Amino acid sequence: MDDSNIPPNQPAITLPPLPSTQPHHPTPRIHPSSLIHPSSLIHPSSLPLIHPTATVGAFCLIGPNVTISARTTLLSHVSIPSNTTVGTDCTIHPFSVLGGPSQALADKSQPPNTGKLTIGNSCTIREGVTCNVGFSAKGTVIGNGCLLMANSHVAHDCVLGDEVILVNGVLLAGHVTVGRGAIFAGMGGTVQFVRVGEYAYVGGATVVSRDVLPYSMVKGYRGKTVGVNAVGLKRRGWTGERIQWVERAVRAASMGDQEELSELVKRVGSTGKDDLMRVVDFARESEIGLCSLHEK
């Protein structure tokens with residue numbers, strides 16, 4: 001082509017870039033002071049493990065195989081060492097350590113920390129909380145809508161249902177199961193392998209070494225059943241009559257009175273039978289015994 005045929009002052013022609021063969025993904029908001037392991041940025045499937053709408057604040061440490069889902073925020077100084085999935089719409093406050101190795105002193109011939117930590121959606125995790133990965137492949141699971149207040153601890157292989165609340169300083173040992181809506185007041189805790197039923201309430205500074213019945217209230221240093229979680233059940237819309245039936249069932253189960261339990265199940269109406277059967281089934285499945293009844 002003859003350059004003399006190009007008019008003077010003609011703007012240069014810019015060709016569009018060739019299309020990339022790599023998939024394009026928006027990038028999440030990650031503070032430059034935070035350290036992210038490469039395997040947590042892009043999965044081998046080319047999908048980002050940290051969602052584009054997630055936020056990672058200042059001075060966070062994200063190790064390998066960590067997934068942070070949509071609209072979840074790590075405020076600052078959060079450490080997630082490895083093998084952890086955090087659900088959507090969670091808020092994690094400073095100095096929490098999630099997904100650290102378990103503290104189990106178990107059989108050294110077994111490979112430790114083979115499980116992971118899974119945190120559900122809409123959870124709030126306050127300052128200084130620690131949650132360990134599973135020692136076994138079963139893993140540690142925290143349900144949806146949970147609130148873990150400052151300095152609480154969830155050990156390896158625990159399973160927390162939805163809407164569980166751990167108040168400041170609560171310590172759960174390994175392999176503990178906590179049912180939906182249960183509440184631990186401040187400085188409470190458990191030994192290993194304890195089960196806590198749904199909507200139960202464990203009082204402040206209470207150490208639980210036996211299973212806690214659904215709907216019950218347990219208080220005192222060694223955890224005695226003192227009644228039912230009437231306030232919590234009323235807040236969930238339970239009627240007084242429904243609460244009374246459950247209270248009688250909890251008392252009978254705590255005393256080991258199987259005859260009384262059977263009689264209650266026969267007499268209760270159809271709407272309350274499911275509540276009582278949860279108490280009956282929970283008591284029947286207990287392997288370490290139930291918290292005994294506190295006789296006033």
# chains A, B, ... in the order shown; residues from 1 in each chain; ligands from 1
call {"tool": "residues_around", "arguments": {"residues": "Leu293 of chain A", "least_positions_apart": "5", "cutoff": "7 Å", "atoms": "only C-alpha atoms", "output": "MDAnalysis selection string"}}
result
chainID A and resid 224:226 251 254:255
call {"tool": "write_last_selection", "arguments": {"atoms": "N, CA and C atoms", "output": "CSV table (one decimal), in the first residue's frame"}}
result
chain,number,residue,atom,x,y,z
A,224,LYS,N,-27.4,-29.5,85.9
A,224,LYS,CA,-28.6,-30.2,86.3
A,224,LYS,C,-29.8,-29.6,85.5
A,225,THR,N,-30.7,-30.5,85.2
A,225,THR,CA,-31.9,-30.0,84.5
A,225,THR,C,-32.8,-29.4,85.5
A,226,VAL,N,-33.2,-28.1,85.2
A,226,VAL,CA,-34.0,-27.3,86.2
A,226,VAL,C,-35.4,-27.0,85.6
A,251,ARG,N,-39.2,-33.7,82.5
A,251,ARG,CA,-39.0,-34.1,83.9
A,251,ARG,C,-39.0,-35.7,84.0
A,254,SER,N,-35.8,-37.1,82.5
A,254,SER,CA,-34.6,-36.8,83.4
A,254,SER,C,-34.6,-37.8,84.5
A,255,MET,N,-35.8,-38.2,85.0
A,255,MET,CA,-35.8,-39.2,86.1
A,255,MET,C,-35.8,-40.6,85.6
call {"tool": "residues_around", "arguments": {"residues": "segment 51-59 of chain A", "least_positions_apart": "4", "cutoff": "7 Å", "atoms": "only C-alpha atoms", "output": "ChimeraX atom specification"}}
result
/A:26-31,33-34,68-77
call {"tool": "atom_distance", "arguments": {"atom1": "atom CA of Val167 of chain A", "atom2": "atom CA of Gly232 of chain A"}}
result
15.1 Å
call {"tool": "select_by_dssp", "arguments": {"residues": "segment 61-163 of chain A", "states": "strand (DSSP E or B)", "output": "VMD selection string"}}
result
chain A and resid 61 to 62 66 to 68 73 to 76 79 to 80 84 to 86 91 to 92 97 to 100 117 to 119 124 to 125 130 to 132 140 to 142 147 to 148 153 to 154 159 to 160
call {"tool": "write_last_selection", "arguments": {"atoms": "N, CA, C and O atoms", "output": "compact mmCIF listing (two decimals), in the first residue's frame"}}
result
# COMPACT_ATOMS: atom_id res chain seq x y z
N LEU A 61 -5.26 -13.63 56.71
CA LEU A 61 -4.45 -14.72 56.19
C LEU A 61 -5.37 -15.84 55.74
O LEU A 61 -6.10 -16.42 56.54
N ILE A 62 -5.34 -16.14 54.44
CA ILE A 62 -6.19 -17.18 53.86
C ILE A 62 -5.28 -18.26 53.30
O ILE A 62 -4.49 -18.02 52.38
N VAL A 66 -9.61 -22.80 50.69
CA VAL A 66 -10.58 -22.00 51.44
C VAL A 66 -11.57 -21.38 50.46
O VAL A 66 -11.17 -20.75 49.49
N THR A 67 -12.86 -21.58 50.73
CA THR A 67 -13.92 -21.00 49.91
C THR A 67 -14.67 -19.96 50.73
O THR A 67 -15.12 -20.24 51.85
N ILE A 68 -14.79 -18.76 50.20
CA ILE A 68 -15.54 -17.67 50.84
C ILE A 68 -16.65 -17.27 49.88
O ILE A 68 -16.39 -16.83 48.77
N THR A 73 -18.07 -11.06 54.57
CA THR A 73 -17.07 -10.04 54.89
C THR A 73 -16.15 -10.52 56.00
O THR A 73 -16.63 -10.93 57.07
N LEU A 74 -14.84 -10.47 55.74
CA LEU A 74 -13.83 -10.66 56.77
C LEU A 74 -13.34 -9.26 57.12
O LEU A 74 -12.70 -8.60 56.28
N LEU A 75 -13.65 -8.78 58.32
CA LEU A 75 -13.42 -7.37 58.62
C LEU A 75 -11.93 -7.03 58.61
O LEU A 75 -11.50 -6.12 57.91
N SER A 76 -11.14 -7.74 59.41
CA SER A 76 -9.68 -7.55 59.41
C SER A 76 -9.08 -8.58 60.35
O SER A 76 -9.76 -9.14 61.21
N SER A 79 -7.87 -15.11 60.37
CA SER A 79 -7.01 -16.18 59.86
C SER A 79 -7.86 -17.41 59.54
O SER A 79 -8.61 -17.88 60.39
N ILE A 80 -7.75 -17.89 58.29
CA ILE A 80 -8.41 -19.13 57.88
C ILE A 80 -7.32 -20.02 57.28
O ILE A 80 -7.04 -19.95 56.09
N THR A 84 -11.52 -24.87 54.57
CA THR A 84 -12.69 -24.25 55.18
C THR A 84 -13.60 -23.68 54.10
O THR A 84 -13.12 -23.09 53.13
N THR A 85 -14.90 -23.85 54.29
CA THR A 85 -15.90 -23.22 53.43
C THR A 85 -16.77 -22.32 54.28
O THR A 85 -17.36 -22.76 55.28
N VAL A 86 -16.86 -21.06 53.90
CA VAL A 86 -17.70 -20.09 54.60
C VAL A 86 -18.87 -19.74 53.69
O VAL A 86 -18.66 -19.38 52.52
N THR A 91 -20.47 -12.51 58.49
CA THR A 91 -19.58 -11.45 58.94
C THR A 91 -18.63 -12.04 59.98
O THR A 91 -19.07 -12.60 60.99
N ILE A 92 -17.33 -11.90 59.72
CA ILE A 92 -16.32 -12.48 60.60
C ILE A 92 -15.46 -11.34 61.14
O ILE A 92 -14.87 -10.57 60.38
N VAL A 97 -9.90 -17.27 64.31
CA VAL A 97 -9.11 -18.28 63.60
C VAL A 97 -10.05 -19.43 63.26
O VAL A 97 -10.50 -20.16 64.14
N LEU A 98 -10.34 -19.58 61.99
CA LEU A 98 -11.31 -20.58 61.51
C LEU A 98 -10.59 -21.59 60.63
O LEU A 98 -9.89 -21.20 59.68
N GLY A 99 -10.77 -22.87 60.94
CA GLY A 99 -10.13 -23.89 60.12
C GLY A 99 -8.72 -24.22 60.53
O GLY A 99 -7.95 -24.78 59.73
N GLY A 100 -8.36 -23.91 61.77
CA GLY A 100 -7.06 -24.34 62.27
C GLY A 100 -7.06 -25.82 62.59
O GLY A 100 -8.12 -26.45 62.69
N LEU A 117 -13.77 -27.66 57.78
CA LEU A 117 -14.72 -26.84 58.53
C LEU A 117 -15.70 -26.24 57.54
O LEU A 117 -15.29 -25.61 56.55
N THR A 118 -16.99 -26.43 57.80
CA THR A 118 -18.03 -25.87 56.95
C THR A 118 -18.90 -24.95 57.78
O THR A 118 -19.49 -25.37 58.78
N ILE A 119 -18.98 -23.69 57.37
CA ILE A 119 -19.79 -22.69 58.05
C ILE A 119 -20.94 -22.31 57.14
O ILE A 119 -20.74 -22.02 55.96
N THR A 124 -22.72 -14.94 62.13
CA THR A 124 -21.90 -13.85 62.68
C THR A 124 -20.90 -14.46 63.64
O THR A 124 -21.28 -15.14 64.60
N ILE A 125 -19.63 -14.21 63.37
CA ILE A 125 -18.55 -14.76 64.20
C ILE A 125 -17.76 -13.59 64.76
O ILE A 125 -17.12 -12.84 64.01
N THR A 130 -12.49 -19.31 67.79
CA THR A 130 -11.68 -20.35 67.15
C THR A 130 -12.58 -21.55 66.82
O THR A 130 -13.35 -22.00 67.66
N CYS A 131 -12.46 -22.04 65.59
CA CYS A 131 -13.19 -23.22 65.13
C CYS A 131 -12.20 -24.10 64.38
O CYS A 131 -11.56 -23.65 63.42
N ASN A 132 -12.06 -25.35 64.81
CA ASN A 132 -11.08 -26.26 64.22
C ASN A 132 -11.68 -27.11 63.12
O ASN A 132 -12.88 -27.40 63.13
N THR A 140 -16.07 -30.61 60.81
CA THR A 140 -16.76 -29.73 61.73
C THR A 140 -17.77 -28.91 60.95
O THR A 140 -17.43 -28.36 59.90
N VAL A 141 -19.00 -28.82 61.47
CA VAL A 141 -20.08 -28.16 60.73
C VAL A 141 -20.77 -27.15 61.63
O VAL A 141 -21.14 -27.46 62.76
N ILE A 142 -20.94 -25.94 61.12
CA ILE A 142 -21.70 -24.88 61.80
C ILE A 142 -22.85 -24.50 60.89
O ILE A 142 -22.63 -24.17 59.72
N LEU A 147 -24.74 -17.54 65.77
CA LEU A 147 -24.02 -16.41 66.36
C LEU A 147 -23.01 -16.95 67.36
O LEU A 147 -23.39 -17.53 68.38
N LEU A 148 -21.73 -16.78 67.05
CA LEU A 148 -20.65 -17.22 67.92
C LEU A 148 -20.01 -15.95 68.49
O LEU A 148 -19.32 -15.22 67.76
N HIS A 153 -15.28 -21.17 71.44
CA HIS A 153 -14.45 -22.17 70.77
C HIS A 153 -15.30 -23.36 70.35
O HIS A 153 -16.08 -23.89 71.16
N VAL A 154 -15.16 -23.77 69.09
CA VAL A 154 -15.82 -24.97 68.57
C VAL A 154 -14.73 -25.94 68.15
O VAL A 154 -13.98 -25.67 67.20
N VAL A 159 -20.83 -30.58 65.49
CA VAL A 159 -21.89 -30.27 64.53
C VAL A 159 -22.90 -29.36 65.23
O VAL A 159 -23.55 -29.77 66.19
N LEU A 160 -23.04 -28.13 64.74
CA LEU A 160 -23.98 -27.16 65.28
C LEU A 160 -25.12 -26.99 64.29
O LEU A 160 -24.88 -26.76 63.09
call {"tool": "closest_residue", "arguments": {"among": "A:Leu35, A:Ala249, A:Met277, A:Val207", "to": "Lys219 of chain A", "atoms": "only C-alpha atoms"}}
result
A:Val207
call {"tool": "residues_around", "arguments": {"residues": "Glu260 of chain A", "least_positions_apart": "4", "cutoff": "12 Å", "atoms": "only C-alpha atoms", "output": "ChimeraX atom specification"}}
result
/A:245,248-256,264-267,276,280
call {"tool": "closest_residue", "arguments": {"among": "A:Cys291, A:Val246, A:Val218, A:Val129", "to": "Asp274 of chain A", "atoms": "only C-alpha atoms"}}
result
A:Val246
call {"tool": "residues_around", "arguments": {"residues": "segment 178-181 of chain A", "least_positions_apart": "5", "cutoff": "6 Å", "atoms": "only C-alpha atoms", "output": "list in words"}}
result
Leu160, Gly161, Asp162, Glu163, Val164, Arg195, Val196, Gly197, Glu198 and Tyr199 of chain A
call {"tool": "write_last_selection", "arguments": {"atoms": "C-alpha atoms", "output": "PDB file, in the first residue's frame"}}
result
ATOM      1  CA  LEU A 160     -23.979 -27.164  65.279  1.00  0.00           C
ATOM      2  CA  GLY A 161     -27.505 -26.874  63.906  1.00  0.00           C
ATOM      3  CA  ASP A 162     -29.089 -23.695  62.571  1.00  0.00           C
ATOM      4  CA  GLU A 163     -29.556 -20.596  64.757  1.00  0.00           C
ATOM      5  CA  VAL A 164     -27.299 -21.785  67.583  1.00  0.00           C
ATOM      6  CA  ARG A 195     -25.397 -33.946  72.623  1.00  0.00           C
ATOM      7  CA  VAL A 196     -27.505 -30.846  73.229  1.00  0.00           C
ATOM      8  CA  GLY A 197     -31.091 -31.023  71.987  1.00  0.00           C
ATOM      9  CA  GLU A 198     -32.903 -28.406  69.928  1.00  0.00           C
ATOM     10  CA  TYR A 199     -34.003 -25.180  71.643  1.00  0.00           C
TER      11      TYR A 199
END
call {"tool": "atom_distance", "arguments": {"atom1": "atom CA of Pro81 of chain A", "atom2": "atom CA of Ile36 of chain A"}}
result
9.9 Å
call {"tool": "select_by_dssp", "arguments": {"residues": "segment 81-270 of chain A", "states": "helix (DSSP H, G or I)", "output": "number ranges by chain"}}
result
A: 230-235, 240-254, 258-267, 270
call {"tool": "residues_around", "arguments": {"residues": "Lys138 of chain A", "least_positions_apart": "4", "cutoff": "12 Å", "atoms": "only C-alpha atoms", "output": "PDB file with N, CA and C atoms, in the first residue's frame"}}
result
ATOM      1  N   PRO A 112      -4.244 -37.160  61.251  1.00  0.00           N
ATOM      2  CA  PRO A 112      -5.101 -36.142  61.870  1.00  0.00           C
ATOM      3  C   PRO A 112      -5.561 -35.089  60.872  1.00  0.00           C
ATOM      4  N   ASN A 113      -6.616 -34.378  61.259  1.00  0.00           N
ATOM      5  CA  ASN A 113      -7.078 -33.211  60.514  1.00  0.00           C
ATOM      6  C   ASN A 113      -7.398 -33.519  59.057  1.00  0.00           C
ATOM      7  N   THR A 114      -8.050 -34.649  58.822  1.00  0.00           N
ATOM      8  CA  THR A 114      -8.431 -35.019  57.463  1.00  0.00           C
ATOM      9  C   THR A 114      -9.770 -34.410  57.069  1.00  0.00           C
ATOM     10  N   GLY A 115     -10.509 -33.852  58.025  1.00  0.00           N
ATOM     11  CA  GLY A 115     -11.786 -33.229  57.728  1.00  0.00           C
ATOM     12  C   GLY A 115     -11.634 -31.753  57.419  1.00  0.00           C
ATOM     13  N   LYS A 116     -12.771 -31.093  57.246  1.00  0.00           N
ATOM     14  CA  LYS A 116     -12.744 -29.670  56.963  1.00  0.00           C
ATOM     15  C   LYS A 116     -13.704 -28.955  57.911  1.00  0.00           C
ATOM     16  N   LEU A 117     -13.766 -27.658  57.782  1.00  0.00           N
ATOM     17  CA  LEU A 117     -14.716 -26.836  58.531  1.00  0.00           C
ATOM     18  C   LEU A 117     -15.697 -26.239  57.537  1.00  0.00           C
ATOM     19  N   THR A 118     -16.987 -26.431  57.799  1.00  0.00           N
ATOM     20  CA  THR A 118     -18.032 -25.875  56.948  1.00  0.00           C
ATOM     21  C   THR A 118     -18.902 -24.949  57.777  1.00  0.00           C
ATOM     22  N   VAL A 133     -10.832 -27.540  62.194  1.00  0.00           N
ATOM     23  CA  VAL A 133     -11.273 -28.514  61.193  1.00  0.00           C
ATOM     24  C   VAL A 133     -11.491 -29.860  61.873  1.00  0.00           C
ATOM     25  N   GLY A 134     -12.131 -30.772  61.172  1.00  0.00           N
ATOM     26  CA  GLY A 134     -12.379 -32.086  61.724  1.00  0.00           C
ATOM     27  C   GLY A 134     -11.112 -32.907  61.831  1.00  0.00           C
ATOM     28  N   HIS A 156     -12.879 -29.769  67.140  1.00  0.00           N
ATOM     29  CA  HIS A 156     -12.944 -30.659  65.990  1.00  0.00           C
ATOM     30  C   HIS A 156     -14.171 -31.560  66.008  1.00  0.00           C
ATOM     31  N   ASP A 157     -14.754 -31.773  64.833  1.00  0.00           N
ATOM     32  CA  ASP A 157     -15.851 -32.729  64.617  1.00  0.00           C
ATOM     33  C   ASP A 157     -17.138 -32.370  65.347  1.00  0.00           C
ATOM     34  N   CYS A 158     -17.290 -31.125  65.771  1.00  0.00           N
ATOM     35  CA  CYS A 158     -18.566 -30.682  66.322  1.00  0.00           C
ATOM     36  C   CYS A 158     -19.549 -30.430  65.180  1.00  0.00           C
ATOM     37  N   VAL A 159     -20.835 -30.579  65.494  1.00  0.00           N
ATOM     38  CA  VAL A 159     -21.893 -30.270  64.528  1.00  0.00           C
ATOM     39  C   VAL A 159     -22.904 -29.364  65.228  1.00  0.00           C
ATOM     40  N   GLY A 174     -14.520 -31.675  71.587  1.00  0.00           N
ATOM     41  CA  GLY A 174     -14.656 -32.397  70.326  1.00  0.00           C
ATOM     42  C   GLY A 174     -15.871 -33.295  70.257  1.00  0.00           C
ATOM     43  N   HIS A 175     -16.407 -33.464  69.040  1.00  0.00           N
ATOM     44  CA  HIS A 175     -17.506 -34.400  68.749  1.00  0.00           C
ATOM     45  C   HIS A 175     -18.811 -34.043  69.457  1.00  0.00           C
TER      46      HIS A 175
END
call {"tool": "atom_distance", "arguments": {"atom1": "atom CA of Cys146 of chain A", "atom2": "atom CA of Cys90 of chain A"}}
result
9.6 Å
call {"tool": "closest_residue", "arguments": {"among": "A:Val78, A:Leu172, A:Val194, A:Leu49", "to": "Val212 of chain A", "atoms": "only C-alpha atoms"}}
result
A:Val194
call {"tool": "residues_around", "arguments": {"residues": "Glu247 of chain A", "least_positions_apart": "6", "cutoff": "10 Å", "atoms": "only C-alpha atoms", "output": "ChimeraX atom specification"}}
result
/A:215-217,227-230,241,253,276
call {"tool": "write_last_selection", "arguments": {"atoms": "N, CA, C and O atoms", "output": "mmCIF file, in the first residue's frame"}}
result
data_model
loop_
_atom_site.group_PDB
_atom_site.id
_atom_site.type_symbol
_atom_site.label_atom_id
_atom_site.label_comp_id
_atom_site.auth_asym_id
_atom_site.auth_seq_id
_atom_site.Cartn_x
_atom_site.Cartn_y
_atom_site.Cartn_z
ATOM 1 N N TYR A 215 -35.406 -28.787 74.428
ATOM 2 C CA TYR A 215 -36.307 -27.832 75.098
ATOM 3 C C TYR A 215 -35.985 -27.622 76.569
ATOM 4 O O TYR A 215 -36.646 -26.812 77.235
ATOM 5 N N SER A 216 -35.003 -28.308 77.105
ATOM 6 C CA SER A 216 -34.745 -28.233 78.542
ATOM 7 C C SER A 216 -33.842 -27.055 78.879
ATOM 8 O O SER A 216 -33.194 -26.451 78.008
ATOM 9 N N MET A 217 -33.798 -26.753 80.176
ATOM 10 C CA MET A 217 -32.876 -25.750 80.710
ATOM 11 C C MET A 217 -31.969 -26.436 81.718
ATOM 12 O O MET A 217 -32.434 -27.104 82.640
ATOM 13 N N GLY A 227 -35.681 -27.456 84.417
ATOM 14 C CA GLY A 227 -36.984 -27.189 83.807
ATOM 15 C C GLY A 227 -36.842 -27.123 82.307
ATOM 16 O O GLY A 227 -35.988 -27.793 81.713
ATOM 17 N N VAL A 228 -37.699 -26.304 81.679
ATOM 18 C CA VAL A 228 -37.644 -26.137 80.230
ATOM 19 C C VAL A 228 -37.271 -24.693 79.892
ATOM 20 O O VAL A 228 -37.389 -23.789 80.738
ATOM 21 N N ASN A 229 -36.866 -24.485 78.674
ATOM 22 C CA ASN A 229 -36.492 -23.158 78.184
ATOM 23 C C ASN A 229 -37.764 -22.398 77.802
ATOM 24 O O ASN A 229 -38.022 -22.115 76.631
ATOM 25 N N ALA A 230 -38.574 -22.078 78.820
ATOM 26 C CA ALA A 230 -39.892 -21.504 78.571
ATOM 27 C C ALA A 230 -39.807 -20.158 77.842
ATOM 28 O O ALA A 230 -40.589 -19.891 76.920
ATOM 29 N N GLU A 241 -49.852 -24.213 76.982
ATOM 30 C CA GLU A 241 -50.211 -25.632 77.085
ATOM 31 C C GLU A 241 -49.159 -26.515 76.439
ATOM 32 O O GLU A 241 -48.778 -27.562 77.003
ATOM 33 N N ALA A 253 -38.289 -37.839 81.550
ATOM 34 C CA ALA A 253 -37.087 -38.383 80.910
ATOM 35 C C ALA A 253 -35.862 -38.195 81.798
ATOM 36 O O ALA A 253 -35.008 -39.081 81.891
ATOM 37 N N LEU A 276 -43.111 -34.330 72.037
ATOM 38 C CA LEU A 276 -42.818 -35.349 73.040
ATOM 39 C C LEU A 276 -41.973 -36.478 72.465
ATOM 40 O O LEU A 276 -41.061 -36.991 73.141
#
call {"tool": "closest_residue", "arguments": {"among": "A:Thr88, A:Ser96, A:Thr190, A:Ser262", "to": "Ser122 of chain A", "atoms": "only C-alpha atoms"}}
result
A:Thr88
